[in-house]
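*Asks:* Before I ask anything, let me first share the structure, which is written out below as structure tokens.
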Amino acid sequence: MPSMIRLPLAAAAAASLLLLGACTTMGTGGGDMKLAHGGMAPVQLKWTSTDGGIDGQMQVALPDATYKGRFFQITQQIDRRELMPLWDGWHEAWGGWDYWGYGDDGPFGVQQFITRYTGKVVANLVDPAGRHLRCRLHLMAPARGMSGGGEGECQLAGGGIVHARF
């Protein structure tokens with residue numbers, strides 16, 4: 001009989017360790033957005049991740065809409081197929097966004113995008129009306145993912161830049 005009691009206790013202990021290892025991390029940040037009439041508006045940023053901030057969900061609340069979607073920390077090991085959601089509503093490899101889209105040899109391909117932006121976080125967010133907001137964030141401590149903090153900018157599909165800190 002005692003061996004029957006040990007098995008459920010061992011299983012419960014193992015399950016507890018698994019749950020502790022799969023903790024969700026989250027964070028918040030803020031920033032500002034320049035308005036058409038020249039003023040500034042506050043911006044709120046929230047993120048959640050189950051892997052320490054390497055990949056997860058992000059939300060950016062602007063004065064007129066809230067944008068949501070997935071974020072990715074770019075590493076040399078990332079597969080180009082994993083990045084496909086980033087191109088929704090934009091050109092592949094985000095061509096046309098200053099230094100992100102063009103080099104001396106014309107538009108960057110996905111592999112050049114990955115190589116150049118390893119250690120940074122990128123996101124493609126969408127609002128309920130289908131409008132897109134893309135973000136590029138520079139991590140203060142890339143080994144810690146989003147949990148290490150950082151700053152960057154987001155761009156609305158129709159123009160307009162949002163400055164963010166987290």
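Letters A, B, ... go to the chains of the structure tokens in the order shown; residues in each chain start at 1; ligands are counted from 1 in the same order.
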Considering only C-alpha atoms, return as a CSV table (one decimal) with C-alpha atoms, in the first residue's frame whatever protein or nucleic-acid residues lie within 12 Å of region 81-88 of chain A, sequence-local ones (same chain, fewer than 4 positions apart) excluded.
*Replies:*
```
chain,number,residue,atom,x,y,z
A,55,ASP,CA,8.1,35.3,-28.2
A,69,GLY,CA,-0.4,40.8,-32.2
A,70,ARG,CA,2.6,38.6,-31.8
A,71,PHE,CA,6.2,39.7,-31.1
A,72,PHE,CA,9.4,37.9,-31.8
A,73,GLN,CA,12.9,38.3,-30.6
A,74,ILE,CA,15.1,37.7,-33.7
A,75,THR,CA,17.9,35.2,-33.3
A,77,GLN,CA,18.4,30.4,-35.2
A,92,GLU,CA,8.4,41.1,-46.9
A,93,ALA,CA,11.4,42.0,-44.7
A,94,TRP,CA,9.6,45.4,-44.1
A,95,GLY,CA,11.1,47.1,-47.1
A,109,GLY,CA,15.6,39.6,-48.1
A,110,VAL,CA,14.4,37.8,-45.1
A,111,GLN,CA,17.8,36.3,-44.3
A,113,PHE,CA,16.6,41.0,-42.1
A,114,ILE,CA,17.3,38.1,-39.6
A,121,VAL,CA,12.3,42.4,-31.0
A,122,VAL,CA,9.9,43.0,-33.8
A,123,ALA,CA,6.1,42.9,-33.9
A,124,ASN,CA,3.3,43.3,-36.4
A,125,LEU,CA,0.1,44.4,-34.6
A,126,VAL,CA,-3.4,44.9,-36.0
A,130,GLY,CA,-7.5,45.8,-39.8
A,131,ARG,CA,-5.0,48.6,-39.7
A,132,HIS,CA,-1.4,47.6,-39.0
A,133,LEU,CA,1.3,48.8,-36.7
A,134,ARG,CA,4.8,47.4,-36.9
A,135,CYS,CA,7.4,47.8,-34.1
A,136,ARG,CA,11.1,47.4,-33.8
A,157,ALA,CA,0.7,51.8,-42.0
```
*Asks:* Find the residues near Met146 (chain A): any atom within 12 Å, counting only C-alpha atoms, skip ones fewer than 4 places away on the same chain, and give them as a ChimeraX atom specification.
*Replies:* /A:25-29,45-58,71-74,119-122,137-142,150-151,165-166
*Asks:* Produce a file of the selected residues containing C-alpha atoms, as a tab-separated table (two decimals), in the first residue's frame.
*Replies:*
```tsv
chain	number	residue	atom	x	y	z
A	25	THR	CA	6.10	36.71	-17.81
A	26	MET	CA	4.59	40.06	-18.59
A	27	GLY	CA	5.51	43.68	-18.68
A	28	THR	CA	4.27	47.13	-19.44
A	29	GLY	CA	5.69	50.26	-20.92
A	45	LEU	CA	2.39	48.99	-24.24
A	46	LYS	CA	1.75	45.57	-22.66
A	47	TRP	CA	3.26	42.19	-23.39
A	48	THR	CA	2.95	38.62	-22.17
A	49	SER	CA	5.13	35.60	-22.87
A	50	THR	CA	5.38	32.01	-21.71
A	51	ASP	CA	9.07	31.70	-22.65
A	52	GLY	CA	10.63	34.63	-20.80
A	53	GLY	CA	10.00	37.28	-23.44
A	54	ILE	CA	11.45	35.69	-26.57
A	55	ASP	CA	8.05	35.28	-28.23
A	56	GLY	CA	4.60	36.31	-27.10
A	57	GLN	CA	1.68	38.68	-27.43
A	58	MET	CA	1.91	42.48	-27.47
A	71	PHE	CA	6.16	39.71	-31.11
A	72	PHE	CA	9.40	37.88	-31.84
A	73	GLN	CA	12.95	38.27	-30.61
A	74	ILE	CA	15.09	37.75	-33.68
A	119	GLY	CA	18.92	40.47	-30.65
A	120	LYS	CA	16.07	42.85	-31.36
A	121	VAL	CA	12.32	42.40	-30.95
A	122	VAL	CA	9.90	42.98	-33.81
A	137	LEU	CA	12.50	47.39	-30.31
A	138	HIS	CA	16.10	47.43	-29.12
A	139	LEU	CA	16.65	45.29	-26.03
A	140	MET	CA	18.79	46.53	-23.15
A	141	ALA	CA	19.70	42.94	-22.18
A	142	PRO	CA	18.96	40.61	-25.15
A	150	GLY	CA	14.33	48.32	-23.95
A	151	GLU	CA	13.03	51.00	-26.26
A	165	ARG	CA	9.87	52.26	-23.71
A	166	PHE	CA	9.37	49.13	-21.62
```
*Asks:* Select from region 11-92 of chain A everything DSSP, run on the backbone, classes as helix (DSSP H, G or I), then give the selection as number ranges by chain.
*Replies:* A: 11-21, 80-87, 92
*Asks:* Take the residues that were just selected and, keeping C-alpha atoms, output them as a PDB file, in the first residue's frame.
*Replies:*
```pdb
ATOM      1  CA  ALA A  11       3.458  12.612 -10.062  1.00  0.00           C
ATOM      2  CA  ALA A  12       2.109  15.642  -8.200  1.00  0.00           C
ATOM      3  CA  ALA A  13       5.633  16.884  -7.492  1.00  0.00           C
ATOM      4  CA  ALA A  14       6.603  16.493 -11.154  1.00  0.00           C
ATOM      5  CA  ALA A  15       3.475  18.349 -12.285  1.00  0.00           C
ATOM      6  CA  SER A  16       4.249  21.185  -9.876  1.00  0.00           C
ATOM      7  CA  LEU A  17       7.745  21.549 -11.323  1.00  0.00           C
ATOM      8  CA  LEU A  18       6.344  21.660 -14.859  1.00  0.00           C
ATOM      9  CA  LEU A  19       3.907  24.386 -13.880  1.00  0.00           C
ATOM     10  CA  LEU A  20       6.665  26.450 -12.291  1.00  0.00           C
ATOM     11  CA  GLY A  21       8.789  26.131 -15.434  1.00  0.00           C
ATOM     12  CA  ARG A  80      12.022  32.363 -41.866  1.00  0.00           C
ATOM     13  CA  ARG A  81       8.630  30.586 -41.750  1.00  0.00           C
ATOM     14  CA  GLU A  82       8.218  31.710 -38.127  1.00  0.00           C
ATOM     15  CA  LEU A  83       8.421  35.322 -39.287  1.00  0.00           C
ATOM     16  CA  MET A  84       5.602  35.108 -41.860  1.00  0.00           C
ATOM     17  CA  PRO A  85       3.078  36.897 -39.580  1.00  0.00           C
ATOM     18  CA  LEU A  86       5.374  39.947 -39.582  1.00  0.00           C
ATOM     19  CA  TRP A  87       4.802  40.584 -43.273  1.00  0.00           C
ATOM     20  CA  GLU A  92       8.412  41.071 -46.902  1.00  0.00           C
TER      21      GLU A  92
END
```
*Asks:* In Å to one decimal, how far is CA of Pro63 (chain A) from CA of Gln44 (chain A)?
*Replies:*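 Between CA of Gln44 (chain A) and CA of Pro63 (chain A) the gap works out to 9.5 Å.
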*Asks:* Just want the 10 Å neighbourhood of Ala65 (chain A), counted on only C-alpha atoms, with same-chain residues fewer than 4 positions away dropped. Output as a list of chain:residue names.
*Replies:*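 In the requested form, the answer reads A:Val60, A:Ala61, A:Val126, A:Asp127, A:Pro128, A:Ala129, A:Arg131.
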*Asks:* Between CA of Val43 (chain A) and CA of Leu62 (chain A), measure the distance and give it in Å to one decimal.
*Replies:*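 Separating CA of Val43 (chain A) from CA of Leu62 (chain A) is a distance of 5.3 Å.
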*Asks:* Could you work out how far CA of Gly89 (chain A) lies from CA of Asp64 (chain A), giving the answer in Å with one decimal?
*Replies:*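 Rounded to one decimal, the two atoms are 19.2 Å apart.
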